[in-house]
Structure formats: structure tokens, C-alpha cells
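Structure data (PDB, C-alpha atoms) from upload_36.pdb:
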MODEL        1
ATOM      1  CA  MET P   1     -25.592  13.462  27.345  1.00  0.00           C
ATOM      2  CA  ALA P   2     -21.971  14.572  27.538  1.00  0.00           C
ATOM      3  CA  ASN P   3     -19.600  12.606  29.712  1.00  0.00           C
ATOM      4  CA  SER P   4     -17.866  14.670  32.371  1.00  0.00           C
ATOM      5  CA  ALA P   5     -14.566  12.835  31.797  1.00  0.00           C
ATOM      6  CA  SER P   6     -14.281  13.760  28.142  1.00  0.00           C
ATOM      7  CA  GLY P   7     -17.224  16.046  27.417  1.00  0.00           C
ATOM      8  CA  MET P   8     -17.773  14.298  24.067  1.00  0.00           C
ATOM      9  CA  ALA P   9     -21.256  13.863  22.737  1.00  0.00           C
ATOM     10  CA  VAL P  10     -21.995  11.199  20.148  1.00  0.00           C
ATOM     11  CA  ASP P  11     -23.763  12.288  16.984  1.00  0.00           C
ATOM     12  CA  ASP P  12     -26.947  10.250  16.383  1.00  0.00           C
ATOM     13  CA  GLU P  13     -25.702   9.405  12.901  1.00  0.00           C
ATOM     14  CA  CYS P  14     -22.900   7.329  14.496  1.00  0.00           C
ATOM     15  CA  LYS P  15     -25.407   5.016  16.157  1.00  0.00           C
ATOM     16  CA  LEU P  16     -27.676   4.945  13.102  1.00  0.00           C
ATOM     17  CA  LYS P  17     -24.886   3.974  10.686  1.00  0.00           C
ATOM     18  CA  PHE P  18     -23.554   1.401  13.141  1.00  0.00           C
ATOM     19  CA  LEU P  19     -27.006  -0.209  13.335  1.00  0.00           C
ATOM     20  CA  GLU P  20     -27.126  -0.284   9.523  1.00  0.00           C
ATOM     21  CA  LEU P  21     -23.713  -2.004   9.460  1.00  0.00           C
ATOM     22  CA  LYS P  22     -24.757  -4.497  12.125  1.00  0.00           C
ATOM     23  CA  ALA P  23     -28.303  -5.329  11.040  1.00  0.00           C
ATOM     24  CA  LYS P  24     -28.540  -4.560   7.319  1.00  0.00           C
ATOM     25  CA  ARG P  25     -24.874  -4.898   6.427  1.00  0.00           C
ATOM     26  CA  ASN P  26     -25.012  -1.915   4.075  1.00  0.00           C
ATOM     27  CA  HIS P  27     -21.535  -0.740   5.145  1.00  0.00           C
ATOM     28  CA  ARG P  28     -18.286  -2.726   5.425  1.00  0.00           C
ATOM     29  CA  PHE P  29     -16.707  -0.150   7.726  1.00  0.00           C
ATOM     30  CA  ILE P  30     -17.262   3.210   9.389  1.00  0.00           C
ATOM     31  CA  VAL P  31     -14.551   5.693  10.327  1.00  0.00           C
ATOM     32  CA  PHE P  32     -15.438   8.093  13.157  1.00  0.00           C
ATOM     33  CA  LYS P  33     -13.770  11.402  13.937  1.00  0.00           C
ATOM     34  CA  ILE P  34     -13.942  13.645  16.983  1.00  0.00           C
ATOM     35  CA  ASP P  35     -15.033  17.110  15.929  1.00  0.00           C
ATOM     36  CA  GLU P  36     -13.258  19.195  18.572  1.00  0.00           C
ATOM     37  CA  LYS P  37     -15.122  22.387  17.688  1.00  0.00           C
ATOM     38  CA  ASN P  38     -18.536  20.793  18.288  1.00  0.00           C
ATOM     39  CA  GLN P  39     -17.270  18.436  21.005  1.00  0.00           C
ATOM     40  CA  GLN P  40     -18.792  15.354  19.437  1.00  0.00           C
ATOM     41  CA  VAL P  41     -17.954  12.155  17.621  1.00  0.00           C
ATOM     42  CA  MET P  42     -19.074  12.196  13.976  1.00  0.00           C
ATOM     43  CA  VAL P  43     -19.138   9.786  11.037  1.00  0.00           C
ATOM     44  CA  GLU P  44     -16.234  10.636   8.735  1.00  0.00           C
ATOM     45  CA  LYS P  45     -16.375   7.869   6.148  1.00  0.00           C
ATOM     46  CA  LEU P  46     -18.531   4.893   5.199  1.00  0.00           C
ATOM     47  CA  GLY P  47     -17.213   1.893   3.302  1.00  0.00           C
ATOM     48  CA  SER P  48     -19.470   0.145   0.800  1.00  0.00           C
ATOM     49  CA  PRO P  49     -20.355  -3.525   1.453  1.00  0.00           C
ATOM     50  CA  GLN P  50     -17.875  -4.466  -1.299  1.00  0.00           C
ATOM     51  CA  ALA P  51     -14.993  -2.520   0.267  1.00  0.00           C
ATOM     52  CA  SER P  52     -11.871  -4.489   1.145  1.00  0.00           C
ATOM     53  CA  TYR P  53      -9.790  -4.419   4.316  1.00  0.00           C
ATOM     54  CA  ASP P  54      -7.170  -2.434   2.361  1.00  0.00           C
ATOM     55  CA  ASP P  55      -9.821   0.163   1.457  1.00  0.00           C
ATOM     56  CA  PHE P  56     -10.536   0.426   5.160  1.00  0.00           C
ATOM     57  CA  THR P  57      -6.925   0.788   6.332  1.00  0.00           C
ATOM     58  CA  ASN P  58      -6.247   3.315   3.549  1.00  0.00           C
ATOM     59  CA  SER P  59      -9.107   5.479   4.798  1.00  0.00           C
ATOM     60  CA  LEU P  60      -7.399   6.009   8.182  1.00  0.00           C
ATOM     61  CA  PRO P  61      -5.235   9.154   8.216  1.00  0.00           C
ATOM     62  CA  PRO P  62      -1.534   8.431   8.837  1.00  0.00           C
ATOM     63  CA  ASN P  63      -1.049  11.241  11.404  1.00  0.00           C
ATOM     64  CA  GLU P  64      -4.426  11.584  13.132  1.00  0.00           C
ATOM     65  CA  CYS P  65      -6.417   9.487  15.581  1.00  0.00           C
ATOM     66  CA  ARG P  66      -9.734   7.886  14.639  1.00  0.00           C
ATOM     67  CA  TYR P  67     -12.227   5.320  15.855  1.00  0.00           C
ATOM     68  CA  ALA P  68     -13.478   2.776  13.376  1.00  0.00           C
ATOM     69  CA  VAL P  69     -15.645  -0.299  13.119  1.00  0.00           C
ATOM     70  CA  PHE P  70     -15.060  -3.009  10.548  1.00  0.00           C
ATOM     71  CA  ASP P  71     -17.389  -5.892   9.718  1.00  0.00           C
ATOM     72  CA  PHE P  72     -14.952  -8.742   9.162  1.00  0.00           C
ATOM     73  CA  ASP P  73     -16.136 -11.833   7.256  1.00  0.00           C
ATOM     74  CA  PHE P  74     -14.116 -15.006   7.719  1.00  0.00           C
ATOM     75  CA  THR P  75     -14.279 -18.781   7.519  1.00  0.00           C
ATOM     76  CA  THR P  76     -13.667 -20.797  10.683  1.00  0.00           C
ATOM     77  CA  ASN P  77     -11.490 -23.897  10.879  1.00  0.00           C
ATOM     78  CA  GLU P  78     -14.726 -25.890  10.667  1.00  0.00           C
ATOM     79  CA  ASN P  79     -15.472 -24.160   7.334  1.00  0.00           C
ATOM     80  CA  CYS P  80     -18.316 -21.995   8.699  1.00  0.00           C
ATOM     81  CA  GLN P  81     -18.885 -18.501   7.313  1.00  0.00           C
ATOM     82  CA  LYS P  82     -18.942 -15.957  10.129  1.00  0.00           C
ATOM     83  CA  SER P  83     -18.501 -12.266  10.693  1.00  0.00           C
ATOM     84  CA  LYS P  84     -17.330 -10.228  13.651  1.00  0.00           C
ATOM     85  CA  ILE P  85     -17.560  -6.521  14.229  1.00  0.00           C
ATOM     86  CA  PHE P  86     -14.216  -5.030  15.199  1.00  0.00           C
ATOM     87  CA  PHE P  87     -13.809  -1.729  17.018  1.00  0.00           C
ATOM     88  CA  ILE P  88     -10.458  -0.197  16.183  1.00  0.00           C
ATOM     89  CA  ALA P  89      -8.917   2.660  18.140  1.00  0.00           C
ATOM     90  CA  TRP P  90      -6.404   4.154  15.704  1.00  0.00           C
ATOM     91  CA  SER P  91      -3.854   6.317  17.494  1.00  0.00           C
ATOM     92  CA  PRO P  92      -0.688   6.657  15.391  1.00  0.00           C
ATOM     93  CA  ASP P  93       2.557   7.573  17.136  1.00  0.00           C
ATOM     94  CA  THR P  94       2.827  10.580  14.823  1.00  0.00           C
ATOM     95  CA  SER P  95      -0.451  12.166  15.979  1.00  0.00           C
ATOM     96  CA  LYS P  96      -0.489  15.068  18.431  1.00  0.00           C
ATOM     97  CA  VAL P  97      -0.383  14.246  22.151  1.00  0.00           C
ATOM     98  CA  ARG P  98      -3.520  16.288  22.839  1.00  0.00           C
ATOM     99  CA  GLN P  99      -5.421  14.366  20.178  1.00  0.00           C
ATOM    100  CA  LYS P 100      -4.248  11.000  21.532  1.00  0.00           C
ATOM    101  CA  MET P 101      -5.414  11.981  25.016  1.00  0.00           C
ATOM    102  CA  LEU P 102      -8.778  13.170  23.714  1.00  0.00           C
ATOM    103  CA  TYR P 103      -9.407   9.922  21.834  1.00  0.00           C
ATOM    104  CA  ALA P 104      -8.177   7.780  24.733  1.00  0.00           C
ATOM    105  CA  SER P 105     -10.410   9.548  27.264  1.00  0.00           C
ATOM    106  CA  SER P 106     -13.523   9.354  25.047  1.00  0.00           C
ATOM    107  CA  LYS P 107     -13.097   5.794  23.756  1.00  0.00           C
ATOM    108  CA  ASP P 108     -14.919   3.735  26.390  1.00  0.00           C
ATOM    109  CA  ARG P 109     -17.984   5.940  26.451  1.00  0.00           C
ATOM    110  CA  PHE P 110     -18.178   6.025  22.652  1.00  0.00           C
ATOM    111  CA  LYS P 111     -17.754   2.266  22.448  1.00  0.00           C
ATOM    112  CA  ARG P 112     -20.654   1.753  24.867  1.00  0.00           C
ATOM    113  CA  GLU P 113     -22.901   3.659  22.453  1.00  0.00           C
ATOM    114  CA  LEU P 114     -22.224   1.045  19.765  1.00  0.00           C
ATOM    115  CA  ASP P 115     -23.955  -2.095  20.965  1.00  0.00           C
ATOM    116  CA  GLY P 116     -22.701  -5.227  19.221  1.00  0.00           C
ATOM    117  CA  ILE P 117     -18.932  -4.791  19.047  1.00  0.00           C
ATOM    118  CA  GLN P 118     -17.253  -8.182  19.409  1.00  0.00           C
ATOM    119  CA  VAL P 119     -13.521  -7.480  19.235  1.00  0.00           C
ATOM    120  CA  GLU P 120     -11.477  -4.401  20.127  1.00  0.00           C
ATOM    121  CA  LEU P 121      -8.090  -3.547  18.659  1.00  0.00           C
ATOM    122  CA  GLN P 122      -5.749  -0.719  19.621  1.00  0.00           C
ATOM    123  CA  ALA P 123      -3.318   0.281  16.897  1.00  0.00           C
ATOM    124  CA  THR P 124      -0.514   2.847  16.808  1.00  0.00           C
ATOM    125  CA  ASP P 125       0.833   1.800  13.419  1.00  0.00           C
ATOM    126  CA  PRO P 126      -0.600  -0.211  10.489  1.00  0.00           C
ATOM    127  CA  SER P 127       1.273  -3.404  11.418  1.00  0.00           C
ATOM    128  CA  GLU P 128      -0.756  -3.627  14.657  1.00  0.00           C
ATOM    129  CA  MET P 129      -3.963  -4.050  12.680  1.00  0.00           C
ATOM    130  CA  SER P 130      -2.742  -6.140   9.770  1.00  0.00           C
ATOM    131  CA  LEU P 131      -5.173  -8.577   8.206  1.00  0.00           C
ATOM    132  CA  ASP P 132      -3.319 -11.478   9.867  1.00  0.00           C
ATOM    133  CA  ILE P 133      -3.849  -9.956  13.322  1.00  0.00           C
ATOM    134  CA  VAL P 134      -7.528  -9.332  12.589  1.00  0.00           C
ATOM    135  CA  LYS P 135      -7.979 -12.923  11.379  1.00  0.00           C
ATOM    136  CA  GLY P 136      -6.210 -14.213  14.485  1.00  0.00           C
ATOM    137  CA  ARG P 137      -8.453 -12.190  16.793  1.00  0.00           C
ATOM    138  CA  ALA P 138     -11.599 -13.243  14.916  1.00  0.00           C
ATOM    139  CA  LEU P 139     -11.043 -17.008  15.206  1.00  0.00           C
TER
ENDMDL
END

Please render this file's structure as C-alpha cells.
Amino acid sequence: MANSASGMAVDDECKLKFLELKAKRNHRFIVFKIDEKNQQVMVEKLGSPQASYDDFTNSLPPNECRYAVFDFDFTTNENCQKSKIFFIAWSPDTSKVRQKMLYASSKDRFKRELDGIQVELQATDPSEMSLDIVKGRAL
């Protein structure tokens, strides 16, 4: 199960909650954390379906890396309601080098476990994942 490159396992709850977000829409976002002691990716926080994008960005720690998925609802230029699932790799400049390397080396394998991601964003500070950028990537 573990990947030789990173050695990170993925907790089953990660896949389960992602499926709930994708199919049932009972979460607006999920924040994932690497538990270094247990060498696996875990669910850290779930956002309610009513949660806003600000609630999501405020749930990311300012000095630590995280993975996250966000179910973004938007209206197209043709006035159609749509949603896209964003995968966000949060790696702030202020986080520790070891942590950045750990998240970077585990990202692709973790992302493959979550089937249905439509857009990926890498962010090192909040401006790189502003609502305007997300809207631009969604359209």
C-alpha cells in the first residue's frame, strides 16, 4: 500500500469523505494532513455544505503544509450552474523545509487516490489561491 518514494499510506477515511463530497455533496471542503508518526494522510477538517470559500482558506494553517479539496460552485458565462472539485496543495513559504519535501513527494500518489479531481492548484501564500484565481481556473 505504501509508496516507496514517500512511504505514505492513505487513510481509508480520506477516500470515503472525498466520495461523500463528490457524490452526496455533504461537505464543501476537506483538509488533509500528513500524520508523520503514523506515516499516513488523514482527514483533518471537514467543511459543511454551507461553508464559504473564506471558511475554507481560514482552516488552512499559516505555517504548515496541507492538502485540500474544495467543491467550487460557479455560474458559467452562459449562465449555467456548475461545480468543479479543486485539489489544493498548500505549502506556505513559512513551513519547514522537511515538511514541504514530504508533502511534495507524497502529493501525486495521494491525488491519484481521489478520483474525480478536476483542477489542481499549488499555493505558497493565500494570494495564490484567491477566489478570483479559483474562478478563473474553473471557467

I'd like to see the residues matched by the PyMOL selection byres ((chain P and resi 30-32) around 8) on this file, and ideally I'd get them as a PyMOL selection string. chain P and resi 14+17-18+27-29+33-34+41-47+59-60+66-70

One decimal place gives the CA of Gln50 (chain P)-CA of Asp108 (chain P) separation as 29.0 Å

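Nearest to Ile85 (chain P) of all the residues P:Leu16, P:Ala9, P:Cys65, P:Leu21 is P:Leu21, counting all atoms listed in the file.
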
Q. Hey, can you check how far CA of Asp132 (chain P) sits from CA of Phe110 (chain P)?
A.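 Separation between CA of Asp132 (chain P) and CA of Phe110 (chain P): 26.3 Å.
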
(Q) I'd like to know which of P:Val119, P:Leu114, P:Leu131, P:Leu139 is closest to Cys80 (chain P), using all atoms listed in the file. (A)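 Residue with the minimum atom-to-atom distance to Cys80 (chain P): P:Leu139.
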
Check what the PyMOL selection byres ((chain P and resi 137) around 12) selects in the file above and give those residues as a list in words.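 Taken over the shown coordinates, the PyMOL selection byres ((chain P and resi 137) around 12) returns Phe72, Phe74, Thr76, Ser83, Lys84, Ile85, Phe86, Phe87, Gln118, Val119, Glu120, Leu121, Glu128, Met129, Ser130, Leu131, Asp132, Ile133, Val134, Lys135, Gly136, Ala138 and Leu139 of chain P.
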
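Considering all atoms listed in the file, the residue among P:Asn26, P:Asn38, P:Asp12, P:Pro126 positioned nearest to Pro62 (chain P) is P:Pro126.
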
inquiry  = I'd like to see the residues matched by the PyMOL selection byres ((chain P and resi 122) around 7) on this file, and ideally I'd get them as a VMD selection string.
reply    = chain P and resid 88 to 90 120 to 121 123 to 124

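CA of Lys15 (chain P) is found 20.4 Å from CA of Ala51 (chain P).
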
Task: Given only C-alpha atoms as the counted atoms, nearest of P:Asp73, P:Asp125, P:Glu113, P:Glu78 to Thr94 (chain P) - done: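 Closest candidate: P:Asp125.
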
- Within 9 Å of Leu19 (chain P), counting all atoms listed in the file, which residues show up once you throw out same-chain ones fewer than 6 positions away? Write them as a list in words, please.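 My list of contacting residues is Arg25, Leu114, Asp115 and Gly116 of chain P.
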